[in-house]
Amino acid sequence: MSSVASQQRVLSGMRPTGRLHLGHYHGVLKNWVKLQYEYDCFFFVADWHALTTSYEDPRGIEQSVFDMVVDWLAAGLNPNSCNMFIQSRVPEHAELHLLLSMMTPLSWLERVPTYKDQQEKLKDKDLATYGFLGYPLLQSADILIYKAGLVPVGADQVAHVEITREVARRFNHLYGREPGFEEAVESAITKMGKKAAKLYSDLRKRYQESGDDEALATAQALVHDQQNITLGDKERLLGSLEGSGKIILPEPQALLTEASKMPGLDGQKMSKSYGNFISLRELPDDVDAKVRKMPTDPARVRRTDPGNPDVCPVWQLHGVYTDDATRQWVQQGCRSAGIGCLDCKKPVIDAINAELEPIRARAREYENSPEVIRNILNQGSEQASAVAEDTLRDVRAAMGLSYR
Ligand code: TRP
Ligand code: SF4
């Protein structure tokens with residue numbers, strides 16, 4: 001695929017952490033489900049990434065992969081609308097990672113904020129490893145190998161997309177200059193026709209001489225719109241605009257996923273390690289029990305004490321799950337002690353159960369048919385491999401490594 005078509009490709013990955021919860025659903029999965037109908041989506045299980053922190057005991061990964069994919073499907077990812085696969089089934093990720101590692105300055109990796117942060121946070125693990133330092137570069141390989149244009153990630157991962165852009169730029173700069181590049185560009189310009197050719201040259205000059213971003217954008221649009229030139233020529237023309245060579249690995253953009261408003265049962269961020277979650281396969285009675293046990297405004301000791309929703313985690317759930325009328329009823333009833341906390345929790349319990357109903361049903365279907373999951377992942381891996389192999393062929397050729 002060319003950098004021209006890559007604009008429409010979305011890629012994202014998730015470490016296999018096992019069964020997912022409502023935090024994952026509202027934070028990530030709901031967004032993926034929407035994107036699969038708008039873009040050419042590739043979603044993968046980042047099992048090698050799991051090894052960067054769990055290398056001492058990797059045995060749990062297999063079950064976690066299976067459980068997570070069941071939950072992806074349960075949440076509404078549709079194998080006919082997106083491509084789901086496992087990273088380690090496409091070994092080209094590792095080859096590209098290795099090739100990129102040769103030209104990536106150490107300082108770029110040491111500078112990534114998660115590097116020091118995670119080492120601090122996971123103090124009980126020895127993360128002074130080569131693999132852990134290199135993990136953002138593995139992520140770059142994950143993205144670049146599919147020439148993805150858009151990468152949906154949370155704020156904590158934006159730095160990884162940024163380093164991916166730098167790595168792509170460096171790669172294109174080092175290896176994008178095929179012999180005779182300038183001549184090939186000139187001949188491509190001629191093929192656009194007189195008018196477009198002149199416009200292209202003027203815009204390129206304006207961008208290169210005065211950094212006029214609008215000129216760059218207009219010129220890019222002009223190239224994209226050309227009907228009569230090959231994709232190879234389009235890539236040369238796009239590369240020449242920015243003064244690089246041919247664009248072999250297009251730079252991706254982060255598609256920032258809004259932070260989830262979904263709090264945990266204690267008002268902190270919902271997380272497996274805090275034990276404050278509702279899983280996607282939680283049974284109705286357990287949802288009921290968990291929400292009933294939620295802490296409320298600590299000042300509301302007795303039913304007759306008025307409360308303050310602002311300091312109550314249940315109120316945050318109303319923000320996710322109930323309508324204006326219900327919320328008004330809560331505000332009024334809580335502050336006047338007109339309603340009890342169990343009354344207040346009831347509409348939340350009902351809404352969560354209504355949301356989980358179809359998810360639970362799909363999960364039940366899939367967890368009983370491991371062969372269906374296997375088929376979906378096999379098919380996904382095949383499609384992913386086809387793209388990855390194409391990219392690697394271009395990459396090897398650009399580096400002069402096609403002598404095999
Ligand atoms: N590093 C990501 C995380 O920990 C997962 C991931 C791996 C990823 N490769 C990716 C996300 C490529 C987006 C694109 O959440
Ligand atoms: Fe919280 Fe609702 Fe109880 Fe008020 S009435 S303290 S908002 S649970």
# chains A, B, ... in the order shown; residues from 1 in each chain; ligands from 1
call {"tool": "residues_around", "arguments": {"residues": "Lys116 in chain A", "least_positions_apart": "5", "cutoff": "12 Å", "atoms": "only C-alpha atoms", "output": "list of chain:residue names"}}
result
A:Leu109, A:Glu110, A:Arg111, A:Lys121, A:Leu122, A:Lys123, A:Leu127, A:Ala128, A:Phe132, A:Leu133
call {"tool": "write_last_selection", "arguments": {"atoms": "N, CA and C atoms", "output": "compact mmCIF listing (two decimals), in the first residue's frame"}}
result
# COMPACT_ATOMS: atom_id res chain seq x y z
N LEU A 109 15.17 6.72 22.85
CA LEU A 109 14.46 5.75 23.68
C LEU A 109 14.56 6.09 25.16
N GLU A 110 15.73 6.56 25.58
CA GLU A 110 15.91 6.91 26.99
C GLU A 110 15.03 8.09 27.39
N ARG A 111 14.68 8.89 26.39
CA ARG A 111 13.90 10.11 26.62
C ARG A 111 12.40 9.85 26.73
N LYS A 121 7.37 2.81 38.74
CA LYS A 121 6.09 2.27 39.19
C LYS A 121 6.16 0.77 39.45
N LEU A 122 6.87 0.07 38.61
CA LEU A 122 6.95 -1.39 38.77
C LEU A 122 8.27 -1.77 39.43
N LYS A 123 8.48 -1.24 40.59
CA LYS A 123 9.76 -1.39 41.28
C LYS A 123 10.11 -2.84 41.59
N LEU A 127 13.42 -3.96 35.38
CA LEU A 127 13.14 -3.52 34.02
C LEU A 127 14.35 -2.84 33.38
N ALA A 128 15.51 -3.10 33.92
CA ALA A 128 16.73 -2.58 33.30
C ALA A 128 17.17 -3.53 32.20
N PHE A 132 13.00 -3.88 27.39
CA PHE A 132 12.12 -2.84 27.95
C PHE A 132 12.47 -1.47 27.38
N LEU A 133 13.76 -1.19 27.26
CA LEU A 133 14.17 0.08 26.68
C LEU A 133 13.67 0.18 25.23
call {"tool": "residues_near_ligand", "arguments": {"ligand": "ligand 1", "cutoff": "6 Å", "atoms": "only C-alpha atoms and all ligand atoms", "output": "PyMOL selection string"}}
result
chain A and resi 11-15+46+139+142-143+151+153
call {"tool": "write_last_selection", "arguments": {"atoms": "N, CA, C and O atoms", "output": "short mmCIF file (atom, residue, chain, number, x, y, z; two decimals), in the first residue's frame"}}
result
data_model
loop_
_atom_site.label_atom_id
_atom_site.label_comp_id
_atom_site.auth_asym_id
_atom_site.auth_seq_id
_atom_site.Cartn_x
_atom_site.Cartn_y
_atom_site.Cartn_z
N LEU A 11 -4.48 1.54 13.06
CA LEU A 11 -3.89 0.40 13.75
C LEU A 11 -3.81 0.68 15.25
O LEU A 11 -3.45 1.78 15.65
N SER A 12 -4.19 -0.31 16.04
CA SER A 12 -3.95 -0.18 17.47
C SER A 12 -3.74 -1.55 18.08
O SER A 12 -4.16 -2.56 17.52
N GLY A 13 -3.07 -1.56 19.21
CA GLY A 13 -2.79 -2.82 19.89
C GLY A 13 -3.10 -2.72 21.36
O GLY A 13 -3.22 -1.63 21.91
N MET A 14 -3.24 -3.88 21.98
CA MET A 14 -3.50 -3.93 23.41
C MET A 14 -2.70 -5.09 23.98
O MET A 14 -2.64 -6.16 23.37
N ARG A 15 -2.09 -4.86 25.11
CA ARG A 15 -1.40 -5.97 25.75
C ARG A 15 -2.41 -6.98 26.25
O ARG A 15 -3.48 -6.59 26.74
N ALA A 46 -0.88 -7.45 21.58
CA ALA A 46 0.55 -7.16 21.66
C ALA A 46 1.21 -8.13 22.63
O ALA A 46 1.66 -7.74 23.71
N GLN A 139 6.90 -0.92 19.21
CA GLN A 139 5.61 -0.31 18.90
C GLN A 139 5.69 0.46 17.58
O GLN A 139 4.76 0.42 16.77
N ASP A 142 5.38 -2.00 14.92
CA ASP A 142 3.98 -2.44 14.82
C ASP A 142 3.17 -1.51 13.92
O ASP A 142 2.32 -1.94 13.15
N ILE A 143 3.44 -0.23 14.07
CA ILE A 143 2.66 0.78 13.36
C ILE A 143 3.13 0.91 11.92
O ILE A 143 2.35 0.87 10.97
N VAL A 151 -3.40 6.20 14.59
CA VAL A 151 -3.18 5.27 15.69
C VAL A 151 -3.97 5.73 16.91
O VAL A 151 -3.57 6.68 17.60
N VAL A 153 -4.84 6.03 20.47
CA VAL A 153 -4.15 5.74 21.73
C VAL A 153 -4.60 6.73 22.80
O VAL A 153 -5.13 7.79 22.49
#
call {"tool": "closest_atom_pairs", "arguments": {"of": "range 212-298 of chain A", "to": "range 357-366 of chain A", "cutoff": "9 Å", "atoms": "only C-alpha atoms", "output": "JSON lines"}}
result
{"residue": "A:Leu280", "atom": "CA", "partner": "A:Arg360", "partner_atom": "CA", "distance": 6.8}
{"residue": "A:Arg281", "atom": "CA", "partner": "A:Arg360", "partner_atom": "CA", "distance": 5.1}
{"residue": "A:Glu282", "atom": "CA", "partner": "A:Arg360", "partner_atom": "CA", "distance": 7.7}
{"residue": "A:Leu283", "atom": "CA", "partner": "A:Arg360", "partner_atom": "CA", "distance": 8.0}
{"residue": "A:Pro284", "atom": "CA", "partner": "A:Glu357", "partner_atom": "CA", "distance": 8.5}
call {"tool": "residues_near_ligand", "arguments": {"ligand": "ligand 2", "cutoff": "12 Å", "atoms": "only C-alpha atoms and all ligand atoms", "output": "PyMOL selection string"}}
result
chain A and resi 265-267+291-319+326-349
call {"tool": "atom_distance", "arguments": {"atom1": "CA of Gly18 in chain A", "atom2": "CA of Ser88 in chain A"}}
result
16.9 Å
call {"tool": "select_by_dssp", "arguments": {"residues": "range 70-306 of chain A", "states": "strand (DSSP E or B)", "output": "short mmCIF file (atom, residue, chain, number, x, y, z; two decimals) with C-alpha atoms, in the first residue's frame"}}
result
data_model
loop_
_atom_site.label_atom_id
_atom_site.label_comp_id
_atom_site.auth_asym_id
_atom_site.auth_seq_id
_atom_site.Cartn_x
_atom_site.Cartn_y
_atom_site.Cartn_z
CA CYS A 82 -11.86 -5.18 11.10
CA ASN A 83 -8.77 -7.29 11.19
CA MET A 84 -7.84 -8.97 14.50
CA PHE A 85 -4.59 -10.80 15.00
CA ILE A 86 -1.77 -11.67 17.36
CA LEU A 150 -3.97 6.81 12.35
CA VAL A 151 -3.18 5.27 15.69
CA PRO A 152 -5.90 5.51 18.36
CA VAL A 153 -4.15 5.74 21.73
CA GLN A 253 -0.74 10.40 13.49
CA ALA A 254 -2.03 9.75 16.98
CA LEU A 255 -5.80 9.69 17.20
CA LEU A 256 -6.11 10.76 20.80
CA PRO A 263 -14.63 5.61 37.33
CA LYS A 269 -9.58 4.98 37.94
CA SER A 279 -15.92 -7.00 34.19
#
call {"tool": "closest_residue", "arguments": {"among": "A:Thr322, A:Val10, A:Tyr175, A:Gln227", "to": "Asp350 in chain A", "atoms": "only C-alpha atoms"}}
result
A:Thr322
call {"tool": "select_by_dssp", "arguments": {"residues": "range 90-300 of chain A", "states": "alpha helix (DSSP H)", "output": "VMD selection string"}}
result
chain A and resid 92 to 103 106 to 110 113 to 121 130 to 144 158 to 175 181 to 191 194 to 210 213 to 225 231 to 241 284 to 292
call {"tool": "residues_around", "arguments": {"residues": "Tyr39 in chain A", "least_positions_apart": "2", "cutoff": "10 Å", "atoms": "only C-alpha atoms", "output": "PyMOL selection string"}}
result
chain A and resi 7-11+34-37+41-42+81-82+150
call {"tool": "atom_distance", "arguments": {"atom1": "CA of Ala159 in chain A", "atom2": "CA of Gly23 in chain A"}}
result
22.0 Å
call {"tool": "closest_atom_pairs", "arguments": {"of": "range 214-258 of chain A", "to": "range 178-187 of chain A", "cutoff": "8 Å", "atoms": "only C-alpha atoms", "output": "CSV"}}
result
residue,atom,partner,partner_atom,distance
A:Asp233,CA,A:Val185,CA,7.2
A:Arg236,CA,A:Val185,CA,6.0
A:Leu237,CA,A:Val185,CA,6.1
A:Ser240,CA,A:Val185,CA,7.2
A:Gly245,CA,A:Phe181,CA,7.2
A:Lys246,CA,A:Glu178,CA,7.5
call {"tool": "write_last_selection", "arguments": {"atoms": "all heavy atoms", "output": "compact mmCIF listing (two decimals), in the first residue's frame"}}
result
# COMPACT_ATOMS: atom_id res chain seq x y z
N ASP A 233 5.01 7.15 -8.32
CA ASP A 233 5.29 8.56 -8.64
C ASP A 233 4.69 9.48 -7.59
O ASP A 233 5.29 10.49 -7.20
CB ASP A 233 4.73 8.90 -10.03
CG ASP A 233 5.75 8.56 -11.14
OD1 ASP A 233 6.93 8.32 -10.78
OD2 ASP A 233 5.37 8.53 -12.32
N ARG A 236 6.98 9.61 -4.74
CA ARG A 236 8.16 10.42 -5.03
C ARG A 236 7.83 11.91 -4.91
O ARG A 236 8.58 12.69 -4.33
CB ARG A 236 8.68 10.13 -6.44
CG ARG A 236 9.33 8.77 -6.53
CD ARG A 236 9.87 8.44 -7.92
NE ARG A 236 10.27 7.04 -7.90
CZ ARG A 236 9.51 6.03 -8.34
NH1 ARG A 236 8.34 6.26 -8.90
NH2 ARG A 236 9.93 4.78 -8.23
N LEU A 237 6.67 12.28 -5.48
CA LEU A 237 6.29 13.69 -5.44
C LEU A 237 6.06 14.16 -4.01
O LEU A 237 6.46 15.27 -3.63
CB LEU A 237 5.02 13.91 -6.28
CG LEU A 237 5.23 13.76 -7.80
CD1 LEU A 237 3.88 13.73 -8.53
CD2 LEU A 237 6.09 14.89 -8.34
N SER A 240 9.47 14.44 -2.30
CA SER A 240 10.24 15.57 -2.78
C SER A 240 9.76 16.89 -2.17
O SER A 240 10.55 17.81 -1.95
CB SER A 240 10.16 15.62 -4.30
OG SER A 240 10.67 16.83 -4.78
N GLY A 245 13.48 11.71 0.52
CA GLY A 245 13.39 10.90 -0.68
C GLY A 245 11.99 10.36 -0.82
O GLY A 245 11.02 10.97 -0.38
N LYS A 246 11.89 9.20 -1.43
CA LYS A 246 10.61 8.52 -1.55
C LYS A 246 10.14 8.15 -0.14
O LYS A 246 10.95 7.80 0.72
CB LYS A 246 10.88 7.24 -2.36
CG LYS A 246 9.65 6.52 -2.82
CD LYS A 246 10.10 5.42 -3.77
CE LYS A 246 9.04 4.36 -3.87
NZ LYS A 246 9.49 3.22 -4.67
call {"tool": "atom_distance", "arguments": {"atom1": "CA of Asp288 in chain A", "atom2": "CA of Leu356 in chain A"}}
result
12.4 Å
